[in-house]
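Containing mmCIF, C-alpha atoms and all ligand atoms: entry_5.cif.
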data_entry
#
loop_
_atom_site.label_atom_id
_atom_site.label_comp_id
_atom_site.auth_asym_id
_atom_site.auth_seq_id
_atom_site.Cartn_x
_atom_site.Cartn_y
_atom_site.Cartn_z
CA MET A 18 -78.19 0.72 8.17
CA LYS A 19 -76.28 3.45 6.36
CA ILE A 20 -75.92 7.18 6.99
CA LYS A 21 -77.65 9.09 4.21
CA SER A 22 -77.36 12.71 5.36
CA ILE A 23 -76.10 14.83 8.27
CA LYS A 24 -77.60 18.25 8.77
CA VAL A 25 -76.94 20.90 11.43
CA ILE A 26 -79.91 22.94 12.57
CA THR A 27 -79.22 25.88 14.85
CA LEU A 28 -81.87 27.28 17.14
CA SER A 29 -81.65 30.65 18.80
CA MET A 30 -83.75 30.18 21.89
CA PRO A 31 -84.87 33.23 23.88
CA PHE A 32 -84.43 32.75 27.60
CA ASN A 33 -85.05 34.55 30.82
CA HIS A 34 -82.69 34.20 33.75
CA GLY A 35 -84.63 36.49 36.05
CA GLY A 36 -81.69 38.72 36.93
CA LYS A 37 -80.17 41.99 35.85
CA LYS A 38 -79.01 42.62 32.27
CA VAL A 39 -75.99 40.43 31.42
CA ILE A 40 -73.37 41.16 28.78
CA PHE A 41 -71.97 37.90 27.36
CA HIS A 42 -69.19 37.98 24.76
CA GLY A 43 -69.93 41.61 23.97
CA LYS A 44 -73.74 41.44 23.68
CA GLU A 45 -76.72 41.41 25.97
CA TRP A 46 -77.41 37.74 26.70
CA LYS A 47 -81.00 37.03 25.76
CA SER A 48 -80.83 33.85 23.71
CA LEU A 49 -79.06 30.50 23.76
CA GLU A 50 -77.79 29.03 20.50
CA PHE A 51 -78.27 25.28 20.23
CA ASN A 52 -76.74 23.16 17.46
CA LEU A 53 -78.97 20.19 16.69
CA ILE A 54 -77.69 17.43 14.43
CA LYS A 55 -80.16 15.54 12.30
CA ILE A 56 -78.98 12.26 10.77
CA GLU A 57 -81.10 10.46 8.20
CA THR A 58 -80.45 6.83 7.34
CA ASN A 59 -81.22 4.72 4.29
CA LYS A 60 -83.93 3.01 6.37
CA GLY A 61 -85.78 6.28 6.87
CA ILE A 62 -84.74 6.59 10.53
CA THR A 63 -83.88 10.01 11.94
CA GLY A 64 -81.35 10.40 14.75
CA TRP A 65 -80.91 13.62 16.71
CA GLY A 66 -77.82 14.91 18.43
CA GLU A 67 -76.63 18.12 20.04
CA ALA A 68 -73.22 19.79 19.82
CA PHE A 69 -71.98 22.55 22.07
CA GLY A 70 -73.05 25.88 20.65
CA TYR A 71 -73.50 29.29 22.27
CA THR A 72 -71.07 31.75 20.70
CA SER A 73 -69.16 28.89 19.00
CA TRP A 74 -72.25 27.65 17.13
CA LYS A 75 -71.17 28.78 13.66
CA SER A 76 -67.67 27.30 13.93
CA VAL A 77 -69.08 24.02 15.24
CA LYS A 78 -71.68 23.91 12.46
CA VAL A 79 -68.99 24.36 9.80
CA ALA A 80 -66.78 21.76 11.51
CA ILE A 81 -69.62 19.24 11.32
CA GLU A 82 -70.45 20.03 7.72
CA GLU A 83 -66.90 20.25 6.40
CA MET A 84 -64.89 17.94 8.65
CA VAL A 85 -67.15 15.33 10.26
CA ALA A 86 -70.01 14.66 7.83
CA PRO A 87 -67.84 13.79 4.79
CA LEU A 88 -66.19 10.99 6.82
CA LEU A 89 -69.54 9.40 7.63
CA ILE A 90 -71.81 9.61 4.60
CA ASP A 91 -72.71 6.12 3.28
CA LYS A 92 -70.97 4.46 6.24
CA ASP A 93 -72.68 1.66 8.15
CA ILE A 94 -73.94 2.78 11.56
CA GLU A 95 -73.71 -0.56 13.40
CA ASN A 96 -70.31 -0.07 15.07
CA ILE A 97 -70.37 3.45 16.54
CA PRO A 98 -67.25 3.03 18.74
CA ASN A 99 -65.33 2.25 15.56
CA LEU A 100 -66.81 5.27 13.73
CA LEU A 101 -65.87 7.43 16.71
CA LEU A 102 -62.30 6.14 16.52
CA VAL A 103 -62.16 6.89 12.79
CA LEU A 104 -63.41 10.44 13.41
CA GLN A 105 -60.99 11.07 16.26
CA LYS A 106 -57.99 9.65 14.39
CA SER A 107 -58.82 11.48 11.16
CA LEU A 108 -59.39 14.83 12.84
CA HIS A 109 -56.91 14.82 15.75
CA LEU A 110 -54.63 17.30 13.97
CA PHE A 111 -57.40 19.89 14.26
CA GLY A 112 -57.49 19.58 18.01
CA ARG A 113 -58.50 17.00 20.59
CA TYR A 114 -60.38 19.73 22.41
CA GLY A 115 -62.88 22.50 21.62
CA VAL A 116 -64.68 22.97 18.31
CA THR A 117 -63.50 19.71 16.69
CA MET A 118 -64.55 17.62 19.68
CA PHE A 119 -67.85 19.49 20.02
CA ALA A 120 -68.59 18.63 16.37
CA ILE A 121 -67.68 14.95 16.82
CA SER A 122 -69.69 14.71 20.05
CA GLY A 123 -72.90 16.06 18.59
CA VAL A 124 -72.83 13.79 15.54
CA GLU A 125 -71.95 10.74 17.63
CA ILE A 126 -75.01 11.31 19.84
CA ALA A 127 -77.24 11.40 16.73
CA LEU A 128 -75.73 8.09 15.56
CA TRP A 129 -76.69 6.42 18.84
CA ASP A 130 -80.20 7.83 18.66
CA ALA A 131 -80.65 6.44 15.13
CA LEU A 132 -79.18 3.04 16.07
CA GLY A 133 -81.40 2.79 19.16
CA LYS A 134 -84.46 3.60 17.08
CA GLU A 135 -83.54 0.97 14.50
CA LYS A 136 -83.16 -1.68 17.19
CA ASN A 137 -86.10 -0.32 19.20
CA LYS A 138 -83.90 -0.06 22.30
CA PRO A 139 -82.86 2.86 24.49
CA ILE A 140 -79.20 3.80 24.13
CA HIS A 141 -78.19 2.50 27.57
CA GLU A 142 -79.30 -1.00 26.53
CA LEU A 143 -76.94 -0.86 23.56
CA LEU A 144 -74.04 -0.05 25.89
CA GLY A 145 -74.34 -2.06 29.07
CA LYS A 146 -76.36 -2.94 32.14
CA LYS A 147 -78.93 -0.53 33.49
CA ASN A 148 -78.30 0.28 37.14
CA LYS A 149 -80.69 3.17 37.67
CA GLU A 150 -83.90 4.61 36.29
CA GLU A 151 -84.26 7.51 38.70
CA PHE A 152 -81.73 10.21 39.36
CA LYS A 153 -81.34 13.00 41.86
CA ALA A 154 -81.63 16.32 40.08
CA TYR A 155 -80.14 19.66 41.00
CA SER A 156 -81.00 23.19 40.07
CA SER A 157 -77.97 24.91 38.55
CA LEU A 158 -78.52 28.62 38.98
CA PHE A 159 -77.41 31.39 36.67
CA ARG A 160 -74.78 33.79 38.06
CA TYR A 161 -76.68 36.74 39.55
CA GLY A 162 -74.23 38.59 41.77
CA ASP A 163 -77.19 39.75 43.83
CA PRO A 164 -77.96 38.12 47.20
CA LYS A 165 -81.67 38.93 47.08
CA ILE A 166 -82.21 37.35 43.65
CA ILE A 167 -80.09 34.32 44.62
CA GLU A 168 -82.20 33.66 47.68
CA GLU A 169 -85.37 33.98 45.62
CA LYS A 170 -84.07 31.62 42.93
CA CYS A 171 -83.13 29.05 45.59
CA LYS A 172 -86.66 29.20 46.98
CA GLN A 173 -88.15 28.88 43.49
CA SER A 174 -85.95 25.84 42.85
CA LEU A 175 -87.23 24.23 46.05
CA ASP A 176 -90.83 24.97 44.98
CA ASP A 177 -90.06 23.26 41.66
CA GLY A 178 -89.08 20.12 43.52
CA TYR A 179 -85.28 20.37 43.45
CA GLN A 180 -83.53 19.10 46.55
CA ALA A 181 -80.02 20.23 45.65
CA ILE A 182 -78.77 23.54 44.28
CA LYS A 183 -75.62 24.75 42.58
CA LEU A 184 -74.55 28.37 42.68
CA HIS A 185 -72.40 30.12 40.09
CA GLU A 186 -71.26 32.91 42.40
CA VAL A 187 -67.87 34.23 43.42
CA GLU A 188 -68.62 36.80 46.13
CA GLU A 189 -68.98 35.61 49.70
CA LYS A 190 -72.20 37.53 50.38
CA CYS A 191 -73.77 35.89 47.30
CA ILE A 192 -72.60 32.41 48.28
CA GLU A 193 -73.98 32.95 51.78
CA ALA A 194 -77.32 34.05 50.31
CA GLY A 195 -77.41 30.75 48.38
CA GLY A 196 -76.74 28.85 51.58
CA LYS A 197 -79.54 30.71 53.32
CA GLY A 198 -81.99 30.24 50.44
CA SER A 199 -81.35 26.56 50.03
CA GLY A 200 -81.49 25.60 53.73
CA ASN A 201 -80.19 22.15 54.58
CA ILE A 202 -80.16 20.57 51.14
CA PRO A 203 -76.88 19.79 49.34
CA LEU A 204 -75.26 22.97 48.02
CA MET A 205 -72.63 23.10 45.28
CA LEU A 206 -70.52 26.04 44.19
CA ASP A 207 -69.17 26.58 40.68
CA VAL A 208 -66.85 29.53 40.19
CA ASN A 209 -66.00 28.74 36.53
CA CYS A 210 -62.22 29.05 36.96
CA ALA A 211 -62.41 32.51 38.57
CA TRP A 212 -59.63 32.08 41.13
CA ASN A 213 -56.03 30.96 41.44
CA TYR A 214 -54.50 28.73 44.10
CA GLU A 215 -53.76 31.57 46.56
CA GLU A 216 -57.22 33.09 46.22
CA THR A 217 -58.90 29.74 46.74
CA ILE A 218 -56.83 28.73 49.76
CA ALA A 219 -57.44 32.17 51.33
CA LYS A 220 -61.16 31.29 51.38
CA LYS A 221 -60.58 27.92 53.04
CA ASP A 222 -62.47 28.66 56.28
CA PHE A 223 -65.32 30.35 54.49
CA LEU A 224 -65.71 27.50 51.98
CA GLN A 225 -65.53 24.87 54.71
CA ASN A 226 -68.20 26.69 56.71
CA MET A 227 -70.50 26.61 53.66
CA LYS A 228 -70.42 22.78 53.89
CA LEU A 229 -70.36 22.47 50.12
CA LYS A 230 -71.09 19.16 48.44
CA TRP A 231 -68.40 20.25 45.95
CA LEU A 232 -66.42 23.23 44.72
CA GLU A 233 -66.39 23.24 40.93
CA GLU A 234 -63.56 24.52 38.71
CA PRO A 235 -62.00 26.79 41.33
CA ILE A 236 -58.94 27.75 39.29
CA TYR A 237 -57.74 28.81 35.87
CA PRO A 238 -56.68 27.04 33.75
CA PRO A 239 -59.07 24.16 34.37
CA GLU A 240 -56.49 21.59 33.21
CA ASP A 241 -53.95 22.56 35.87
CA TYR A 242 -54.46 19.22 37.61
CA GLN A 243 -51.33 19.63 39.72
CA THR A 244 -52.75 22.68 41.45
CA LEU A 245 -56.18 21.07 41.72
CA ALA A 246 -54.50 18.09 43.41
CA LYS A 247 -52.85 20.46 45.90
CA LEU A 248 -56.22 22.05 46.63
CA SER A 249 -57.88 18.64 46.92
CA GLU A 250 -55.38 17.85 49.64
CA GLU A 251 -55.34 21.16 51.47
CA LEU A 252 -58.75 22.80 51.10
CA GLY A 253 -60.97 20.34 52.95
CA VAL A 254 -63.71 20.79 50.33
CA PRO A 255 -64.35 18.18 47.60
CA ILE A 256 -63.22 19.42 44.18
CA ALA A 257 -65.20 18.82 40.99
CA CYS A 258 -63.90 19.42 37.47
CA GLY A 259 -64.28 18.16 33.93
CA GLU A 260 -66.80 20.13 31.89
CA ASN A 261 -63.91 21.65 29.93
CA ALA A 262 -62.02 18.40 29.46
CA CYS A 263 -62.29 16.23 26.37
CA THR A 264 -61.64 12.51 25.79
CA GLU A 265 -60.98 9.78 28.32
CA PHE A 266 -57.28 10.65 28.32
CA GLU A 267 -57.77 14.02 29.97
CA PHE A 268 -59.92 12.38 32.62
CA LYS A 269 -57.29 9.73 33.20
CA ALA A 270 -54.75 12.50 33.77
CA MET A 271 -57.11 14.19 36.22
CA ILE A 272 -57.65 10.93 38.12
CA ASN A 273 -54.00 9.87 38.07
CA GLN A 274 -52.93 13.20 39.52
CA LYS A 275 -55.57 12.90 42.27
CA ALA A 276 -56.98 16.26 41.22
CA ILE A 277 -60.66 15.65 41.89
CA SER A 278 -63.30 14.07 44.07
CA TYR A 279 -65.97 14.35 41.36
CA ALA A 280 -65.59 14.08 37.58
CA GLN A 281 -67.87 16.16 35.38
CA PRO A 282 -67.73 14.99 31.77
CA SER A 283 -70.05 16.79 29.39
CA VAL A 284 -71.46 14.51 26.71
CA ILE A 285 -71.77 17.19 24.02
CA LYS A 286 -68.13 18.24 24.45
CA VAL A 287 -66.17 15.22 25.56
CA GLY A 288 -66.39 13.14 22.38
CA GLY A 289 -69.94 11.87 22.65
CA ILE A 290 -71.71 8.98 24.33
CA TYR A 291 -69.13 6.23 23.91
CA GLU A 292 -66.27 8.48 25.02
CA MET A 293 -68.24 9.44 28.11
CA TYR A 294 -69.12 5.80 28.78
CA LYS A 295 -65.40 4.98 28.89
CA ILE A 296 -64.82 7.93 31.23
CA ILE A 297 -67.57 6.70 33.57
CA GLN A 298 -66.03 3.22 33.66
CA ASN A 299 -62.55 4.63 34.36
CA CYS A 300 -63.88 6.89 37.11
CA GLU A 301 -65.81 4.13 38.80
CA MET A 302 -62.77 1.85 38.74
CA SER A 303 -60.89 4.62 40.55
CA ASN A 304 -63.68 5.35 43.03
CA ILE A 305 -64.34 8.78 41.55
CA GLN A 306 -68.02 9.67 41.40
CA VAL A 307 -69.30 11.11 38.12
CA MET A 308 -71.46 14.22 38.30
CA PRO A 309 -72.15 14.90 34.63
CA HIS A 310 -72.16 18.42 33.31
CA SER A 311 -75.51 18.73 31.53
CA ALA A 312 -76.50 22.38 31.41
CA TYR A 313 -78.40 21.62 28.20
CA PHE A 314 -82.00 21.34 27.16
CA GLY A 315 -81.93 19.16 24.02
CA PRO A 316 -80.55 15.74 23.03
CA GLY A 317 -77.41 16.35 25.11
CA PHE A 318 -79.55 16.35 28.23
CA LEU A 319 -81.22 13.02 27.38
CA ALA A 320 -77.89 11.49 26.33
CA THR A 321 -76.69 12.31 29.86
CA LEU A 322 -79.62 10.42 31.38
CA GLN A 323 -78.93 7.40 29.14
CA LEU A 324 -75.35 7.34 30.46
CA ALA A 325 -76.38 7.96 34.06
CA ALA A 326 -78.57 4.83 33.82
CA LEU A 327 -75.35 2.82 33.49
CA MET A 328 -73.62 4.29 36.54
CA THR A 329 -73.20 2.12 39.60
CA GLU A 330 -72.39 5.05 41.88
CA ASP A 331 -74.71 7.78 43.10
CA THR A 332 -75.01 10.80 40.80
CA TYR A 333 -76.78 14.12 40.38
CA ILE A 334 -78.22 15.41 37.12
CA GLU A 335 -77.76 19.11 36.41
CA ARG A 336 -80.64 21.26 35.19
CA PHE A 337 -79.66 24.77 34.06
CA TYR A 338 -82.32 26.68 35.99
CA LEU A 339 -83.47 29.11 33.31
CA ASP A 340 -86.76 29.70 31.58
CA ILE A 341 -86.30 28.99 27.91
CA GLU A 342 -89.16 30.05 25.66
CA LYS A 343 -89.88 26.52 24.42
CA GLU A 344 -88.85 23.38 26.24
CA PHE A 345 -87.59 20.38 24.26
CA TYR A 346 -88.78 17.96 26.92
CA PRO A 347 -91.18 19.79 29.25
CA GLY A 348 -91.19 16.94 31.80
CA PHE A 349 -87.73 17.99 33.02
CA LYS A 350 -88.53 21.57 33.94
CA LYS A 351 -89.34 20.49 37.47
CA ALA A 352 -88.04 17.61 39.57
CA LEU A 353 -90.67 15.49 41.27
CA ASN A 354 -89.45 14.99 44.86
CA GLY A 355 -86.01 16.02 43.68
CA MET A 356 -85.82 13.25 41.09
CA TYR A 357 -85.80 12.76 37.32
CA LYS A 358 -86.99 9.56 35.66
CA LEU A 359 -85.21 7.84 32.79
CA PRO A 360 -87.42 7.99 29.69
CA THR A 361 -88.37 4.60 28.28
CA GLY A 362 -88.49 5.18 24.51
CA PRO A 363 -85.89 3.93 22.00
CA GLY A 364 -82.71 5.87 21.25
CA LEU A 365 -82.45 8.93 23.48
CA GLY A 366 -85.82 8.03 24.99
CA ILE A 367 -87.98 10.93 23.80
CA ASP A 368 -88.24 12.68 20.44
CA PHE A 369 -88.86 16.41 20.71
CA ASP A 370 -91.50 17.97 18.49
CA TYR A 371 -89.38 19.72 15.90
CA LYS A 372 -92.36 21.51 14.37
CA THR A 373 -92.87 23.61 17.48
CA LEU A 374 -89.12 24.31 17.81
CA SER A 375 -88.50 25.12 14.15
CA LYS A 376 -89.64 28.70 14.54
CA TYR A 377 -86.39 29.37 16.44
CA GLU A 378 -84.22 28.11 13.58
CA ILE A 379 -81.54 30.54 12.34
MG MG P 401 -69.60 24.30 35.68
#
Before we go any further, please render this structure as structure tokens.
Ligand SMILES: [Mg+2]
Amino acid sequence: MKIKSIKVITLSMPFNHGGKKVIFHGKEWKSLEFNLIKIETNKGITGWGEAFGYTSWKSVKVAIEEMVAPLLIDKDIENIPNLLLVLQKSLHLFGRYGVTMFAISGVEIALWDALGKEKNKPIHELLGKKNKEEFKAYSSLFRYGDPKIIEEKCKQSLDDGYQAIKLHEVEEKCIEAGGKGSGNIPLMLDVNCAWNYEETIAKKDFLQNMKLKWLEEPIYPPEDYQTLAKLSEELGVPIACGENACTEFEFKAMINQKAISYAQPSVIKVGGIYEMYKIIQNCEMSNIQVMPHSAYFGPGFLATLQLAALMTEDTYIERFYLDIEKEFYPGFKKALNGMYKLPTGPGLGIDFDYKTLSKYEI
């Protein structure tokens, strides 16, 4: 089966976070920009992918159109790992991180979706042995900076069936409110690289008292694995990191330096499905649990489930706890008894209804 065309479709999806007005990159944050990749094959099969977007959506779209697509048109789709290698080798001079890798990741996901549909098999079956079809889900809250709203959002998450919650807060009173709102369920804290080593270690007692399942990206820059390793040793709280790392090599560096307890590869950033599969295998060989970053709503979310099906270790699937105006896959808005089920269809498992989403196209 050959690749006939590769198209990027960007959606601007209105969303409601339920908090106060937020300024994001200079503008009020009211919509999320999603880059969808649509691949058509000579057999009439359509594969969908998703590349990281938000404020980088235009750059990523151009990178796909100008850098990635020309390397793939008319190529046979059968050996995706080899296509991924060709893309990475051809484009490495433009960066093994960021926009180039986002572009490669999104297209690679669409290739797997198309191949799975051709073979009438879900993606995980094309890669390895299924170990799971149900996953623990967690509600990943927006950053509110307001204890009252945080407590409310924790309670709403519990009502929606989630049995684990992640906060994106940095102030102690807000983190405490999350602890109060979530009760005895696992609680995670993501500070998105807000602190440095000294600031983190100064909060040691407080963080330990919060009994966190993990502390995510405590320091800037996120690739300072030496400092993360020091914190892993001294803080007494498990450290998670990886949503800003690309390729298996960065994860190997993280593991080799003993920087983390949990690895968080993000399939729409890391290099795609096969790159993430290699990362999962490396992590499991090193007894590092993988907690995928999946704060997405489209094909990137389902690609994460396909990969999670292959994991032998326990994992949690992240759901960005926002109301978007139109869900891609409405079944994942809530978690039944705290769990998500692996979809059973070919490729990514479910095809979204593009007709209803097309009104958000920009
Ligand atoms: Mg994070």
> Do you have the atom CA of A:Phe32-atom CA of A:Lys343 distance handy?
Replying inline: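 Atom-to-atom, atom CA of A:Phe32 and atom CA of A:Lys343 are spaced 8.9 Å apart.
The closest residue to A:Gln105, picked from A:Gly289, A:Phe51, A:Pro363, A:Ser283 and counting all atoms listed in the file, is A:Gly289.
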>> Within 8 Å of ligand MG 401 (chain P) (counting only C-alpha atoms and all ligand atoms), which residues show up? I'd like them as a list in words.
In response: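 The neighbouring residues of ligand MG 401 (chain P) are, in order, His185, Asp207, Val208, Asn209, Glu233, Glu234, Cys258, Glu260 and His310 of chain A.
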> So, counting all atoms listed in the file, which residue among A:Phe223, A:Phe345, A:Tyr237, A:Tyr294 is closest to A:Asp370?
Replying inline: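 Distance minimum relative to A:Asp370 lands on A:Phe345.
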>> From the options A:Lys228, A:Lys269, A:His42, A:His109, which residue's atoms come nearest to A:Gly253, counting all atoms listed in the file?
In response: A:Lys228
>> List as a list of chain:residue names the protein and nucleic acid residues near A:Lys24, meaning an atom at most 8 Å away when all atoms listed in the file are counted, but skip any in the same chain fewer than 3 places from it.
In response: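 Here the answer would be A:Ile54, A:Lys55, A:Ile56, A:Glu82.
Counting all atoms listed in the file and comparing A:Tyr155, A:Trp65, A:Tyr291, A:Tyr338, the residue that lies closest to A:Met308 is A:Tyr155.
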>> Neighbouring residues of A:Pro282 were defined as those with any atom within 12 Å, considering only C-alpha atoms; residues of the same chain fewer than 6 positions away were excluded. Please report them as an MDAnalysis selection string.
In response: chainID A and resid 122 257:269 271 288:297 299:300 306:312 317 321 324:325 334:335
For the residues in the current selection, export C-alpha atoms as a PDB file, in the coordinates of the input.
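Output file part_6.pdb is given in full below:
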ATOM      1  CA  SER A 122     -69.690  14.710  20.050  1.00  0.00           C
ATOM      2  CA  ALA A 257     -65.200  18.820  40.990  1.00  0.00           C
ATOM      3  CA  CYS A 258     -63.900  19.420  37.470  1.00  0.00           C
ATOM      4  CA  GLY A 259     -64.280  18.160  33.930  1.00  0.00           C
ATOM      5  CA  GLU A 260     -66.800  20.130  31.890  1.00  0.00           C
ATOM      6  CA  ASN A 261     -63.910  21.650  29.930  1.00  0.00           C
ATOM      7  CA  ALA A 262     -62.020  18.400  29.460  1.00  0.00           C
ATOM      8  CA  CYS A 263     -62.290  16.230  26.370  1.00  0.00           C
ATOM      9  CA  THR A 264     -61.640  12.510  25.790  1.00  0.00           C
ATOM     10  CA  GLU A 265     -60.980   9.780  28.320  1.00  0.00           C
ATOM     11  CA  PHE A 266     -57.280  10.650  28.320  1.00  0.00           C
ATOM     12  CA  GLU A 267     -57.770  14.020  29.970  1.00  0.00           C
ATOM     13  CA  PHE A 268     -59.920  12.380  32.620  1.00  0.00           C
ATOM     14  CA  LYS A 269     -57.290   9.730  33.200  1.00  0.00           C
ATOM     15  CA  MET A 271     -57.110  14.190  36.220  1.00  0.00           C
ATOM     16  CA  GLY A 288     -66.390  13.140  22.380  1.00  0.00           C
ATOM     17  CA  GLY A 289     -69.940  11.870  22.650  1.00  0.00           C
ATOM     18  CA  ILE A 290     -71.710   8.980  24.330  1.00  0.00           C
ATOM     19  CA  TYR A 291     -69.130   6.230  23.910  1.00  0.00           C
ATOM     20  CA  GLU A 292     -66.270   8.480  25.020  1.00  0.00           C
ATOM     21  CA  MET A 293     -68.240   9.440  28.110  1.00  0.00           C
ATOM     22  CA  TYR A 294     -69.120   5.800  28.780  1.00  0.00           C
ATOM     23  CA  LYS A 295     -65.400   4.980  28.890  1.00  0.00           C
ATOM     24  CA  ILE A 296     -64.820   7.930  31.230  1.00  0.00           C
ATOM     25  CA  ILE A 297     -67.570   6.700  33.570  1.00  0.00           C
ATOM     26  CA  ASN A 299     -62.550   4.630  34.360  1.00  0.00           C
ATOM     27  CA  CYS A 300     -63.880   6.890  37.110  1.00  0.00           C
ATOM     28  CA  GLN A 306     -68.020   9.670  41.400  1.00  0.00           C
ATOM     29  CA  VAL A 307     -69.300  11.110  38.120  1.00  0.00           C
ATOM     30  CA  MET A 308     -71.460  14.220  38.300  1.00  0.00           C
ATOM     31  CA  PRO A 309     -72.150  14.900  34.630  1.00  0.00           C
ATOM     32  CA  HIS A 310     -72.160  18.420  33.310  1.00  0.00           C
ATOM     33  CA  SER A 311     -75.510  18.730  31.530  1.00  0.00           C
ATOM     34  CA  ALA A 312     -76.500  22.380  31.410  1.00  0.00           C
ATOM     35  CA  GLY A 317     -77.410  16.350  25.110  1.00  0.00           C
ATOM     36  CA  THR A 321     -76.690  12.310  29.860  1.00  0.00           C
ATOM     37  CA  LEU A 324     -75.350   7.340  30.460  1.00  0.00           C
ATOM     38  CA  ALA A 325     -76.380   7.960  34.060  1.00  0.00           C
ATOM     39  CA  ILE A 334     -78.220  15.410  37.120  1.00  0.00           C
ATOM     40  CA  GLU A 335     -77.760  19.110  36.410  1.00  0.00           C
TER      41      GLU A 335
END
> Near stretch 347-356 of chain A, within 7 Å and counting all atoms listed in the file, which residues show up once chain neighbours fewer than 4 positions away are dropped, as a PyMOL selection string?
Replying inline: chain A and resi 151-154+177-180
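Nearest residue to A:Pro164 among A:Leu224, A:Gly198, A:Ala131, A:Pro139 is A:Gly198, counting all atoms listed in the file.
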> A:Ile166: which residues within 10 Å, counting only C-alpha atoms, same-chain residues fewer than 2 positions away excluded, as a VMD selection string?
Replying inline: chain A and resid 35 to 37 160 to 164 168 to 172 191 194 to 195 198
How big is the axis-aligned box around all listed atoms of stretch 143-147 of chain A once 3 Å goes on each side, and where's its centre, in Å to one decimal, as JSON?
{"center_x": -76.5, "center_y": -1.5, "center_z": 28.5, "size_x": 10.9, "size_y": 8.9, "size_z": 15.9}
A:Gly364: which residues within 12 Å, counting all atoms listed in the file, same-chain residues fewer than 3 positions away excluded, as a compact mmCIF listing (two decimals) with C-alpha atoms, keeping the file's coordinate frame?
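Output saved as part-v2.txt:
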# COMPACT_ATOMS: atom_id res chain seq x y z
CA ILE A 62 -84.74 6.59 10.53
CA THR A 63 -83.88 10.01 11.94
CA GLY A 64 -81.35 10.40 14.75
CA TRP A 65 -80.91 13.62 16.71
CA GLY A 66 -77.82 14.91 18.43
CA ILE A 126 -75.01 11.31 19.84
CA ALA A 127 -77.24 11.40 16.73
CA LEU A 128 -75.73 8.09 15.56
CA TRP A 129 -76.69 6.42 18.84
CA ASP A 130 -80.20 7.83 18.66
CA ALA A 131 -80.65 6.44 15.13
CA LEU A 132 -79.18 3.04 16.07
CA GLY A 133 -81.40 2.79 19.16
CA LYS A 134 -84.46 3.60 17.08
CA GLU A 135 -83.54 0.97 14.50
CA LYS A 136 -83.16 -1.68 17.19
CA ASN A 137 -86.10 -0.32 19.20
CA LYS A 138 -83.90 -0.06 22.30
CA PRO A 139 -82.86 2.86 24.49
CA ILE A 140 -79.20 3.80 24.13
CA HIS A 141 -78.19 2.50 27.57
CA GLU A 142 -79.30 -1.00 26.53
CA LEU A 143 -76.94 -0.86 23.56
CA LEU A 144 -74.04 -0.05 25.89
CA ILE A 290 -71.71 8.98 24.33
CA PRO A 316 -80.55 15.74 23.03
CA LEU A 319 -81.22 13.02 27.38
CA ALA A 320 -77.89 11.49 26.33
CA LEU A 322 -79.62 10.42 31.38
CA GLN A 323 -78.93 7.40 29.14
CA LEU A 324 -75.35 7.34 30.46
CA LEU A 359 -85.21 7.84 32.79
CA PRO A 360 -87.42 7.99 29.69
CA THR A 361 -88.37 4.60 28.28
CA ILE A 367 -87.98 10.93 23.80
CA ASP A 368 -88.24 12.68 20.44
